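work.pdb (PDB, C-alpha atoms) appears below.
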ATOM      1  CA  ASP A 239      11.718 -20.887  -3.838  1.00  0.00           C
ATOM      2  CA  ALA A 240       9.092 -23.591  -3.339  1.00  0.00           C
ATOM      3  CA  ASP A 241       9.784 -23.675   0.417  1.00  0.00           C
ATOM      4  CA  ALA A 242       9.226 -19.954   0.887  1.00  0.00           C
ATOM      5  CA  ALA A 243       5.983 -18.689   2.395  1.00  0.00           C
ATOM      6  CA  PRO A 244       5.715 -15.079   1.202  1.00  0.00           C
ATOM      7  CA  VAL A 245       2.832 -12.897   2.299  1.00  0.00           C
ATOM      8  CA  VAL A 246       1.201 -10.468  -0.111  1.00  0.00           C
ATOM      9  CA  VAL A 247      -1.219  -7.924   1.356  1.00  0.00           C
ATOM     10  CA  ALA A 248      -3.670  -6.277  -1.025  1.00  0.00           C
ATOM     11  CA  GLY A 249      -5.173  -3.336   0.839  1.00  0.00           C
ATOM     12  CA  SER A 250      -8.380  -1.380   0.306  1.00  0.00           C
ATOM     13  CA  THR A 251      -9.384  -3.456  -2.701  1.00  0.00           C
ATOM     14  CA  HIS A 252     -12.366  -2.929  -5.008  1.00  0.00           C
ATOM     15  CA  ARG A 253     -14.199  -5.370  -7.243  1.00  0.00           C
ATOM     16  CA  GLU A 254     -12.125  -4.210 -10.237  1.00  0.00           C
ATOM     17  CA  ASP A 255      -9.005  -5.468  -8.463  1.00  0.00           C
ATOM     18  CA  TYR A 256     -10.137  -8.993  -7.664  1.00  0.00           C
ATOM     19  CA  GLY A 257      -9.833 -10.644 -11.068  1.00  0.00           C
ATOM     20  CA  VAL A 258      -6.249  -9.466 -11.545  1.00  0.00           C
ATOM     21  CA  ILE A 259      -5.100 -10.122  -7.992  1.00  0.00           C
ATOM     22  CA  LEU A 260      -6.518 -13.641  -7.814  1.00  0.00           C
ATOM     23  CA  GLU A 261      -5.116 -14.611 -11.212  1.00  0.00           C
ATOM     24  CA  VAL A 262      -1.675 -13.397 -10.172  1.00  0.00           C
ATOM     25  CA  PHE A 263      -1.902 -15.199  -6.834  1.00  0.00           C
ATOM     26  CA  GLU A 264      -2.614 -18.459  -8.652  1.00  0.00           C
ATOM     27  CA  ARG A 265       0.502 -17.882 -10.752  1.00  0.00           C
ATOM     28  CA  LEU A 266       2.519 -17.086  -7.637  1.00  0.00           C
ATOM     29  CA  ARG A 267       1.426 -20.348  -6.014  1.00  0.00           C
ATOM     30  CA  GLU A 268       2.950 -22.242  -8.947  1.00  0.00           C
ATOM     31  CA  GLN A 269       6.322 -20.835  -7.884  1.00  0.00           C
ATOM     32  CA  CYS A 270       5.644 -20.594  -4.146  1.00  0.00           C
ATOM     33  CA  PRO A 271       2.951 -23.106  -3.092  1.00  0.00           C
ATOM     34  CA  LEU A 272       3.037 -21.859   0.494  1.00  0.00           C
ATOM     35  CA  ALA A 273       2.337 -18.210  -0.401  1.00  0.00           C
ATOM     36  CA  VAL A 274      -0.462 -16.433   1.445  1.00  0.00           C
ATOM     37  CA  LEU A 275      -2.610 -13.602   0.090  1.00  0.00           C
ATOM     38  CA  VAL A 276      -4.322 -11.217   2.502  1.00  0.00           C
ATOM     39  CA  VAL A 277      -7.125  -9.276   0.838  1.00  0.00           C
ATOM     40  CA  ALA A 278      -8.555  -6.291   2.673  1.00  0.00           C
ATOM     41  CA  PRO A 279     -11.697  -5.064   0.885  1.00  0.00           C
ATOM     42  CA  ARG A 280     -12.246  -1.331   1.025  1.00  0.00           C
ATOM     43  CA  ARG A 281     -15.602  -2.137   2.595  1.00  0.00           C
ATOM     44  CA  PRO A 282     -15.427  -5.447   4.483  1.00  0.00           C
ATOM     45  CA  ASP A 283     -19.209  -5.599   4.647  1.00  0.00           C
ATOM     46  CA  ALA A 284     -19.428  -5.540   0.843  1.00  0.00           C
ATOM     47  CA  ALA A 285     -16.964  -8.292  -0.081  1.00  0.00           C
ATOM     48  CA  SER A 286     -19.518 -10.630  -1.663  1.00  0.00           C
ATOM     49  CA  GLU A 287     -18.001 -10.217  -5.121  1.00  0.00           C
ATOM     50  CA  LEU A 288     -14.642 -11.359  -3.794  1.00  0.00           C
ATOM     51  CA  PHE A 289     -16.232 -14.524  -2.402  1.00  0.00           C
ATOM     52  CA  GLU A 290     -17.967 -15.143  -5.734  1.00  0.00           C
ATOM     53  CA  ARG A 291     -14.642 -15.005  -7.543  1.00  0.00           C
ATOM     54  CA  LEU A 292     -12.817 -17.217  -5.047  1.00  0.00           C
ATOM     55  CA  GLY A 293     -15.277 -20.081  -5.376  1.00  0.00           C
ATOM     56  CA  PRO A 294     -14.972 -20.833  -9.122  1.00  0.00           C
ATOM     57  CA  ARG A 295     -11.187 -20.663  -8.866  1.00  0.00           C
ATOM     58  CA  GLY A 296     -11.160 -23.306  -6.167  1.00  0.00           C
ATOM     59  CA  ILE A 297      -9.152 -21.096  -3.841  1.00  0.00           C
ATOM     60  CA  THR A 298      -9.654 -21.895  -0.182  1.00  0.00           C
ATOM     61  CA  TYR A 299     -10.054 -18.859   2.038  1.00  0.00           C
ATOM     62  CA  LYS A 300     -10.879 -17.939   5.568  1.00  0.00           C
ATOM     63  CA  LEU A 301     -12.207 -14.810   7.200  1.00  0.00           C
ATOM     64  CA  ARG A 302     -10.046 -12.944   9.665  1.00  0.00           C
ATOM     65  CA  SER A 303     -12.920 -13.140  12.139  1.00  0.00           C
ATOM     66  CA  ASP A 304     -12.951 -16.954  11.984  1.00  0.00           C
ATOM     67  CA  GLU A 305     -10.396 -18.021  14.577  1.00  0.00           C
ATOM     68  CA  ARG A 306     -11.699 -21.570  14.881  1.00  0.00           C
ATOM     69  CA  HIS A 307      -9.861 -23.019  11.896  1.00  0.00           C
ATOM     70  CA  PRO A 308      -6.162 -22.604  11.058  1.00  0.00           C
ATOM     71  CA  LEU A 309      -5.257 -21.428   7.569  1.00  0.00           C
ATOM     72  CA  PRO A 310      -3.520 -24.000   5.356  1.00  0.00           C
ATOM     73  CA  PRO A 311      -0.495 -22.657   3.433  1.00  0.00           C
ATOM     74  CA  GLY A 312      -1.141 -21.294  -0.037  1.00  0.00           C
ATOM     75  CA  ARG A 313      -4.507 -19.811   0.756  1.00  0.00           C
ATOM     76  CA  VAL A 314      -6.311 -16.471   1.061  1.00  0.00           C
ATOM     77  CA  ILE A 315      -7.239 -14.529   4.182  1.00  0.00           C
ATOM     78  CA  VAL A 316     -10.084 -12.060   3.784  1.00  0.00           C
ATOM     79  CA  LEU A 317      -9.759  -9.214   6.256  1.00  0.00           C
ATOM     80  CA  ASP A 318     -13.348  -8.667   7.374  1.00  0.00           C
ATOM     81  CA  SER A 319     -12.386  -6.429  10.285  1.00  0.00           C
ATOM     82  CA  TYR A 320     -11.659  -2.746  10.637  1.00  0.00           C
ATOM     83  CA  GLY A 321      -8.500  -1.101  11.940  1.00  0.00           C
ATOM     84  CA  GLU A 322      -6.024  -3.972  11.419  1.00  0.00           C
ATOM     85  CA  LEU A 323      -4.737  -3.394   7.890  1.00  0.00           C
ATOM     86  CA  SER A 324      -1.924  -1.027   8.839  1.00  0.00           C
ATOM     87  CA  ASP A 325      -0.551  -3.554  11.346  1.00  0.00           C
ATOM     88  CA  LEU A 326      -0.713  -6.441   8.872  1.00  0.00           C
ATOM     89  CA  TYR A 327       1.612  -4.629   6.503  1.00  0.00           C
ATOM     90  CA  ALA A 328       4.322  -5.327   9.078  1.00  0.00           C
ATOM     91  CA  ILE A 329       4.378  -9.001   8.075  1.00  0.00           C
ATOM     92  CA  ALA A 330       3.943  -8.422   4.331  1.00  0.00           C
ATOM     93  CA  ASP A 331       6.654  -9.161   1.785  1.00  0.00           C
ATOM     94  CA  VAL A 332       4.855  -7.169  -0.905  1.00  0.00           C
ATOM     95  CA  ALA A 333       1.839  -4.874  -0.730  1.00  0.00           C
ATOM     96  CA  HIS A 334      -0.604  -4.089  -3.511  1.00  0.00           C
ATOM     97  CA  LEU A 335      -2.396  -0.782  -3.826  1.00  0.00           C
ATOM     98  CA  GLY A 336      -6.146  -1.362  -3.977  1.00  0.00           C
ATOM     99  CA  GLY A 337      -8.367   0.745  -6.203  1.00  0.00           C
ATOM    100  CA  SER A 338      -5.662   1.095  -8.848  1.00  0.00           C
ATOM    101  CA  TYR A 339      -7.494  -0.883 -11.537  1.00  0.00           C
ATOM    102  CA  HIS A 340     -10.422   1.522 -11.662  1.00  0.00           C
ATOM    103  CA  PRO A 341      -9.948   4.951 -13.263  1.00  0.00           C
ATOM    104  CA  SER A 342     -12.424   6.715 -10.987  1.00  0.00           C
ATOM    105  CA  THR A 343     -10.701   5.569  -7.787  1.00  0.00           C
ATOM    106  CA  GLY A 344      -7.099   6.550  -8.420  1.00  0.00           C
ATOM    107  CA  GLY A 345      -5.644   4.192  -5.827  1.00  0.00           C
ATOM    108  CA  HIS A 346      -5.665   4.228  -2.043  1.00  0.00           C
ATOM    109  CA  THR A 347      -2.845   5.272   0.234  1.00  0.00           C
ATOM    110  CA  PRO A 348       0.409   3.275   0.152  1.00  0.00           C
ATOM    111  CA  SER A 349       1.841   5.194   3.111  1.00  0.00           C
ATOM    112  CA  GLU A 350       1.199   2.531   5.751  1.00  0.00           C
ATOM    113  CA  ALA A 351       2.929  -0.197   3.761  1.00  0.00           C
ATOM    114  CA  LEU A 352       5.856   2.051   2.845  1.00  0.00           C
ATOM    115  CA  ALA A 353       6.252   3.086   6.482  1.00  0.00           C
ATOM    116  CA  TRP A 354       6.884  -0.591   7.291  1.00  0.00           C
ATOM    117  CA  GLY A 355       9.490  -0.763   4.518  1.00  0.00           C
ATOM    118  CA  VAL A 356       7.317  -2.918   2.269  1.00  0.00           C
ATOM    119  CA  PRO A 357       7.607  -2.568  -1.537  1.00  0.00           C
ATOM    120  CA  VAL A 358       4.377  -1.727  -3.343  1.00  0.00           C
ATOM    121  CA  THR A 359       2.730  -2.667  -6.620  1.00  0.00           C
ATOM    122  CA  THR A 360      -0.050  -0.704  -8.250  1.00  0.00           C
ATOM    123  CA  GLY A 361      -2.318  -0.853 -11.245  1.00  0.00           C
ATOM    124  CA  PRO A 362      -2.281   1.921 -13.868  1.00  0.00           C
ATOM    125  CA  HIS A 363      -4.682   4.208 -12.010  1.00  0.00           C
ATOM    126  CA  PHE A 364      -2.801   5.686  -9.070  1.00  0.00           C
ATOM    127  CA  GLU A 365      -3.412   9.353  -9.798  1.00  0.00           C
ATOM    128  CA  SER A 366      -4.513  10.100  -6.244  1.00  0.00           C
ATOM    129  CA  GLN A 367      -1.220   8.771  -4.881  1.00  0.00           C
ATOM    130  CA  ALA A 368       1.188   9.918  -7.595  1.00  0.00           C
ATOM    131  CA  ALA A 369       3.022  12.433  -5.405  1.00  0.00           C
ATOM    132  CA  VAL A 370       3.575   9.886  -2.638  1.00  0.00           C
ATOM    133  CA  LEU A 371       4.721   7.142  -5.005  1.00  0.00           C
ATOM    134  CA  GLU A 372       7.021   9.203  -7.239  1.00  0.00           C
ATOM    135  CA  PRO A 373      10.300   8.642  -5.332  1.00  0.00           C
ATOM    136  CA  PHE A 374       9.511   4.944  -4.953  1.00  0.00           C
ATOM    137  CA  LEU A 375       8.653   4.513  -8.627  1.00  0.00           C
ATOM    138  CA  SER A 376      11.912   6.095  -9.738  1.00  0.00           C
ATOM    139  CA  THR A 377      13.926   3.709  -7.555  1.00  0.00           C
ATOM    140  CA  GLY A 378      12.015   0.523  -8.359  1.00  0.00           C
ATOM    141  CA  CYS A 379      10.516   0.180  -4.868  1.00  0.00           C
ATOM    142  CA  CYS A 380       7.082   0.564  -6.435  1.00  0.00           C
ATOM    143  CA  ARG A 381       6.096  -1.207  -9.648  1.00  0.00           C
ATOM    144  CA  VAL A 382       3.254  -0.263 -11.980  1.00  0.00           C
ATOM    145  CA  ALA A 383       1.450  -3.238 -13.529  1.00  0.00           C
ATOM    146  CA  MET A 384      -0.952  -2.676 -16.398  1.00  0.00           C
ATOM    147  CA  ASP A 385      -2.327  -6.226 -16.308  1.00  0.00           C
ATOM    148  CA  ALA A 386      -2.012  -9.622 -14.636  1.00  0.00           C
ATOM    149  CA  THR A 387       1.156 -10.578 -16.512  1.00  0.00           C
ATOM    150  CA  GLU A 388       2.981  -7.436 -15.451  1.00  0.00           C
ATOM    151  CA  LEU A 389       1.732  -7.753 -11.887  1.00  0.00           C
ATOM    152  CA  SER A 390       2.881 -11.371 -11.730  1.00  0.00           C
ATOM    153  CA  ASN A 391       6.353 -10.374 -12.917  1.00  0.00           C
ATOM    154  CA  ALA A 392       6.451  -7.501 -10.431  1.00  0.00           C
ATOM    155  CA  TRP A 393       5.532  -9.697  -7.458  1.00  0.00           C
ATOM    156  CA  LEU A 394       8.116 -12.312  -8.374  1.00  0.00           C
ATOM    157  CA  ASP A 395      10.844  -9.724  -8.981  1.00  0.00           C
ATOM    158  CA  LEU A 396      10.234  -7.996  -5.672  1.00  0.00           C
ATOM    159  CA  LEU A 397      10.013 -11.253  -3.725  1.00  0.00           C
ATOM    160  CA  GLN A 398      13.356 -12.342  -5.160  1.00  0.00           C
ATOM    161  CA  ASP A 399      15.031  -9.076  -4.163  1.00  0.00           C
ATOM    162  CA  ALA A 400      16.751  -9.776  -0.859  1.00  0.00           C
ATOM    163  CA  ASN A 401      17.325  -6.047  -0.288  1.00  0.00           C
ATOM    164  CA  ARG A 402      13.751  -4.946  -0.920  1.00  0.00           C
ATOM    165  CA  PHE A 403      13.000  -3.831   2.638  1.00  0.00           C
ATOM    166  CA  GLN A 404      16.245  -1.892   3.021  1.00  0.00           C
ATOM    167  CA  SER A 405      15.671  -0.190  -0.329  1.00  0.00           C
ATOM    168  CA  VAL A 406      12.199   0.986   0.625  1.00  0.00           C
ATOM    169  CA  ARG A 407      13.332   2.240   4.035  1.00  0.00           C
ATOM    170  CA  LYS A 408      16.176   4.217   2.466  1.00  0.00           C
ATOM    171  CA  VAL A 409      13.834   5.952   0.029  1.00  0.00           C
ATOM    172  CA  TYR A 410      11.218   6.484   2.741  1.00  0.00           C
ATOM    173  CA  VAL A 411      13.682   8.179   5.088  1.00  0.00           C
ATOM    174  CA  GLY A 412      14.953  10.388   2.288  1.00  0.00           C
ATOM    175  CA  ALA A 413      11.440  11.383   1.237  1.00  0.00           C
ATOM    176  CA  ALA A 414      10.472  12.088   4.857  1.00  0.00           C
ATOM    177  CA  GLN A 415      13.528  14.294   5.335  1.00  0.00           C
ATOM    178  CA  ARG A 416      12.773  16.273   2.180  1.00  0.00           C
ATOM    179  CA  GLY A 417       9.197  16.665   3.320  1.00  0.00           C
ATOM    180  CA  ARG A 418      10.318  17.912   6.713  1.00  0.00           C
ATOM    181  CA  GLU A 419      12.682  20.428   5.140  1.00  0.00           C
ATOM    182  CA  ALA A 420       9.885  21.702   2.895  1.00  0.00           C
ATOM    183  CA  VAL A 421       7.544  22.132   5.870  1.00  0.00           C
ATOM    184  CA  GLU A 422      10.232  23.913   7.899  1.00  0.00           C
ATOM    185  CA  LYS A 423      10.838  26.273   4.980  1.00  0.00           C
ATOM    186  CA  LEU A 424       7.109  26.956   4.767  1.00  0.00           C
ATOM    187  CA  TRP A 425       6.933  27.521   8.521  1.00  0.00           C
ATOM    188  CA  LYS A 426       9.750  30.052   8.368  1.00  0.00           C
ATOM    189  CA  SER A 427       8.105  31.910   5.517  1.00  0.00           C
ATOM    190  CA  ILE A 428       4.887  32.109   7.546  1.00  0.00           C
ATOM    191  CA  THR A 429       6.336  33.051  10.926  1.00  0.00           C
ATOM    192  CA  CYS A 430       8.812  35.587   9.559  1.00  0.00           C
ATOM    193  CA  SER A 431       6.208  37.474   7.523  1.00  0.00           C
ATOM    194  CA  VAL A 432       3.387  38.080   9.988  1.00  0.00           C
ATOM    195  CA  PRO A 433       2.069  41.667   9.642  1.00  0.00           C
ATOM    196  CA  VAL A 434       1.867  43.710  12.820  1.00  0.00           C
ATOM    197  CA  ALA A 435      -1.665  45.000  13.389  1.00  0.00           C
ATOM    198  CA  GLY A 436      -2.101  48.786  13.173  1.00  0.00           C
ATOM    199  CA  SER A 437       1.313  49.493  11.629  1.00  0.00           C
ATOM    200  CA  GLY A 438       0.086  51.056   8.409  1.00  0.00           C
ATOM    201  CA  ASP A 439      -0.072  49.568   4.945  1.00  0.00           C
ATOM    202  CA  GLY A 440       1.783  46.483   3.821  1.00  0.00           C
ATOM    203  CA  ALA A 441       4.914  48.369   2.758  1.00  0.00           C
ATOM    204  CA  ASP A 442       5.488  49.718   6.286  1.00  0.00           C
ATOM    205  CA  ARG A 443       4.638  46.610   8.244  1.00  0.00           C
ATOM    206  CA  ALA A 444       7.388  45.055  10.291  1.00  0.00           C
ATOM    207  CA  ARG A 445       8.480  41.452   9.958  1.00  0.00           C
ATOM    208  CA  ILE A 446       8.377  39.452  13.154  1.00  0.00           C
ATOM    209  CA  GLY A 447       9.517  36.019  14.129  1.00  0.00           C
ATOM    210  CA  VAL A 448       7.498  33.536  16.160  1.00  0.00           C
ATOM    211  CA  SER A 449       9.456  31.404  18.563  1.00  0.00           C
ATOM    212  CA  ARG A 450       8.492  27.702  18.571  1.00  0.00           C
ATOM    213  CA  SER A 451       9.837  27.397  22.110  1.00  0.00           C
ATOM    214  CA  GLY A 452       7.318  29.836  23.502  1.00  0.00           C
ATOM    215  CA  ASP A 453       9.934  32.463  24.479  1.00  0.00           C
TER
END

Take the structure in this file and express it as structure tokens.
Amino acid sequence: DADAAPVVVAGSTHREDYGVILEVFERLREQCPLAVLVVAPRRPDAASELFERLGPRGITYKLRSDERHPLPPGRVIVLDSYGELSDLYAIADVAHLGGSYHPSTGGHTPSEALAWGVPVTTGPHFESQAAVLEPFLSTGCCRVAMDATELSNAWLDLLQDANRFQSVRKVYVGAAQRGREAVEKLWKSITCSVPVAGSGDGADRARIGVSRSGD
């Protein structure tokens, strides 16, 4: 939709991410000229390589800290501040997992974006986040993109899915519930198997329960 103004937030990005992300954003602008890309470098004070890549591509950008000039549609915002990324996911249509195009990084956390119900894309290297992403990968709420072509297709597919936010929230709630049940099971196994001091060897020790209410 040429009149749409989708927002893509690429969080905790590294230099290995920039070439792919910027190429895909240029492709996205061909379909959605008003699209906005928010790039949050892992280290805002070391984003010089991002600026070097933006210039040759002719992509206009502004820093988050520069509040003097409004951002024209179809441009890039570079988040040069700390502590705001998690809030910005609230206005994202799609989030991209930074650090996932470098094998030694293994991807940074997608939890903040998923908590807002935002679908996620990732490069091939998300080993550090595999457990978190598994239920979202199996339901299509997270897409793995090996290269720029696959990432471009993933962004367009997710942006065209009118139910994307509801789908993510449904999976997120289910995963949270399963996690809670697992923790409660662990808690019971701990609190119901506490040895009583001075009661002999392990075979003779009593099992006690610990009340969470303090009784």

Open item on the list: Between A:Ala353, A:Thr359, A:Ala248, A:Phe263, which residue has the minimum interatomic distance to A:Leu317, considering all atoms listed in the file?
Closed with: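 Distance minimum relative to A:Leu317 lands on A:Ala248.
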
- [ ] May I ask which of the residues A:Gly257, A:Pro279, A:Pro244, A:Pro362 is the closest one to A:Ser319, counting all atoms listed in the file?
- [x]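 For A:Ser319, the nearest of the given residues is A:Pro279.
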
Open item on the list: Set the distance at 8 Å and use only C-alpha atoms: which residues neighbour A:Val382 once local chain neighbours fewer than 5 positions away are removed? I'd like the list as an MDAnalysis selection string.
Closed with: chainID A and resid 359:362 375 388:389

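Around A:Val356, within 8 Å and counting all atoms listed in the file, the residues found are A:Tyr327, A:Ala328, A:Ala330, A:Asp331, A:Val332, A:Ala333, A:Ala351, A:Leu352, A:Ala353, A:Trp354, A:Val358, A:Arg402, A:Phe403, A:Val406, once anything fewer than 2 positions away on its own chain is removed.
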
Open item on the list: Can you tell me which residues surround A:Ala386 at a distance of at most 7 Å, considering only C-alpha atoms, apart from same-chain residues fewer than 3 positions away, and format the answer as a list of chain:residue names?
Closed with: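 So the residues in contact are A:Val258, A:Glu261, A:Val262, A:Leu389, A:Ser390.
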
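For the pair atom CA of A:Ala243 and atom CA of A:Pro271, the separation is 7.7 Å.
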
Task: Which residue of A:Arg280, A:Arg313, A:Arg265, A:Arg295 approaches A:Gly345 most closely, using only C-alpha atoms - done: A:Arg280

- [ ] Determine the nearest neighbour of A:Thr347 from the options A:Ala368, A:Ile329, A:Ala392, A:Val314, counting only C-alpha atoms.
- [x] A:Ala368

Open item on the list: One number please: atom CA of A:Pro357 to atom CA of A:Cys380, in Å, one decimal.
Closed with: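 About the pair atom CA of A:Pro357 and atom CA of A:Cys380: they are 5.8 Å apart.
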
- [ ] Would you work out the distance separating atom CA of A:Thr429 from atom CA of A:Gly417, expressed in Å to one decimal?
- [x]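 Answer for the atom CA of A:Thr429 to atom CA of A:Gly417 separation: 18.3 Å.
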
Task: Counting all atoms listed in the file, the residue of A:Val276, A:Leu288, A:Ala420, A:Cys379 that sits nearest A:Asp399 - done: A:Cys379

TODO: Measuring atom to atom with all atoms listed in the file, identify which of A:His346, A:His252, A:Arg381, A:Lys423 is nearest to A:Val277.
DONE: A:His252

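Every protein or nucleic acid residue with an atom no more than 12 Å from A:Ala242, counting all atoms listed in the file and leaving out same-chain residues fewer than 6 positions away, appears here: Leu266, Arg267, Glu268, Gln269, Cys270, Pro271, Leu272, Ala273, Val274, Pro311, Gly312, Asp331, Leu397 and Gln398 of chain A.
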
Using the selection just defined, write its residues with C-alpha atoms as a short mmCIF file (atom, residue, chain, number, x, y, z; two decimals), in the coordinates of the input.
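To be explicit, this is the file written out as selection.cif:
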data_model
loop_
_atom_site.label_atom_id
_atom_site.label_comp_id
_atom_site.auth_asym_id
_atom_site.auth_seq_id
_atom_site.Cartn_x
_atom_site.Cartn_y
_atom_site.Cartn_z
CA LEU A 266 2.52 -17.09 -7.64
CA ARG A 267 1.43 -20.35 -6.01
CA GLU A 268 2.95 -22.24 -8.95
CA GLN A 269 6.32 -20.84 -7.88
CA CYS A 270 5.64 -20.59 -4.15
CA PRO A 271 2.95 -23.11 -3.09
CA LEU A 272 3.04 -21.86 0.49
CA ALA A 273 2.34 -18.21 -0.40
CA VAL A 274 -0.46 -16.43 1.44
CA PRO A 311 -0.50 -22.66 3.43
CA GLY A 312 -1.14 -21.29 -0.04
CA ASP A 331 6.65 -9.16 1.78
CA LEU A 397 10.01 -11.25 -3.72
CA GLN A 398 13.36 -12.34 -5.16
#

- [ ] Run the PyMOL selection byres ((chain A and resi 253) around 12) mentally over the shown coordinates, then write out the matched residues as JSON, numbers by chain, using the chain letters and numbers from the document.
- [x] {"A": [250, 251, 252, 254, 255, 256, 257, 258, 259, 260, 277, 278, 279, 280, 281, 282, 284, 285, 286, 287, 288, 289, 290, 291, 336, 337, 338, 339, 340, 343]}

Those selected residues, please, written with C-alpha atoms and delivered as a compact mmCIF listing (two decimals), in the frame of the given file.
# COMPACT_ATOMS: atom_id res chain seq x y z
CA SER A 250 -8.38 -1.38 0.31
CA THR A 251 -9.38 -3.46 -2.70
CA HIS A 252 -12.37 -2.93 -5.01
CA GLU A 254 -12.12 -4.21 -10.24
CA ASP A 255 -9.01 -5.47 -8.46
CA TYR A 256 -10.14 -8.99 -7.66
CA GLY A 257 -9.83 -10.64 -11.07
CA VAL A 258 -6.25 -9.47 -11.54
CA ILE A 259 -5.10 -10.12 -7.99
CA LEU A 260 -6.52 -13.64 -7.81
CA VAL A 277 -7.12 -9.28 0.84
CA ALA A 278 -8.56 -6.29 2.67
CA PRO A 279 -11.70 -5.06 0.88
CA ARG A 280 -12.25 -1.33 1.02
CA ARG A 281 -15.60 -2.14 2.60
CA PRO A 282 -15.43 -5.45 4.48
CA ALA A 284 -19.43 -5.54 0.84
CA ALA A 285 -16.96 -8.29 -0.08
CA SER A 286 -19.52 -10.63 -1.66
CA GLU A 287 -18.00 -10.22 -5.12
CA LEU A 288 -14.64 -11.36 -3.79
CA PHE A 289 -16.23 -14.52 -2.40
CA GLU A 290 -17.97 -15.14 -5.73
CA ARG A 291 -14.64 -15.00 -7.54
CA GLY A 336 -6.15 -1.36 -3.98
CA GLY A 337 -8.37 0.74 -6.20
CA SER A 338 -5.66 1.10 -8.85
CA TYR A 339 -7.49 -0.88 -11.54
CA HIS A 340 -10.42 1.52 -11.66
CA THR A 343 -10.70 5.57 -7.79

Is there a way to complete stretch 415-431 of chain A with N, CA and C atoms and then write that out as a CSV table (one decimal), in the coordinates of the input?
chain,number,residue,atom,x,y,z
A,415,GLN,N,12.6,13.2,5.0
A,415,GLN,CA,13.5,14.3,5.3
A,415,GLN,C,13.3,15.5,4.4
A,416,ARG,N,13.1,15.2,3.1
A,416,ARG,CA,12.8,16.3,2.2
A,416,ARG,C,11.4,16.9,2.5
A,417,GLY,N,10.5,16.1,2.9
A,417,GLY,CA,9.2,16.7,3.3
A,417,GLY,C,9.3,17.6,4.5
A,418,ARG,N,10.1,17.1,5.5
A,418,ARG,CA,10.3,17.9,6.7
A,418,ARG,C,11.0,19.2,6.4
A,419,GLU,N,12.0,19.2,5.5
A,419,GLU,CA,12.7,20.4,5.1
A,419,GLU,C,11.7,21.4,4.4
A,420,ALA,N,10.8,20.8,3.6
A,420,ALA,CA,9.9,21.7,2.9
A,420,ALA,C,8.9,22.4,3.9
A,421,VAL,N,8.5,21.6,4.9
A,421,VAL,CA,7.5,22.1,5.9
A,421,VAL,C,8.2,23.2,6.7
A,422,GLU,N,9.5,22.9,7.1
A,422,GLU,CA,10.2,23.9,7.9
A,422,GLU,C,10.4,25.2,7.1
A,423,LYS,N,10.7,25.1,5.8
A,423,LYS,CA,10.8,26.3,5.0
A,423,LYS,C,9.5,27.1,4.9
A,424,LEU,N,8.4,26.3,4.8
A,424,LEU,CA,7.1,27.0,4.8
A,424,LEU,C,6.8,27.6,6.1
A,425,TRP,N,7.2,26.9,7.2
A,425,TRP,CA,6.9,27.5,8.5
A,425,TRP,C,7.7,28.8,8.7
A,426,LYS,N,8.9,28.8,8.3
A,426,LYS,CA,9.8,30.1,8.4
A,426,LYS,C,9.2,31.2,7.5
A,427,SER,N,8.7,30.9,6.4
A,427,SER,CA,8.1,31.9,5.5
A,427,SER,C,6.8,32.5,6.1
A,428,ILE,N,6.1,31.6,6.9
A,428,ILE,CA,4.9,32.1,7.5
A,428,ILE,C,5.2,32.9,8.8
A,429,THR,N,6.1,32.4,9.6
A,429,THR,CA,6.3,33.1,10.9
A,429,THR,C,7.2,34.3,10.8
A,430,CYS,N,7.9,34.4,9.7
A,430,CYS,CA,8.8,35.6,9.6
A,430,CYS,C,8.1,36.7,8.7
A,431,SER,N,6.9,36.5,8.4
A,431,SER,CA,6.2,37.5,7.5
A,431,SER,C,4.8,37.8,8.1
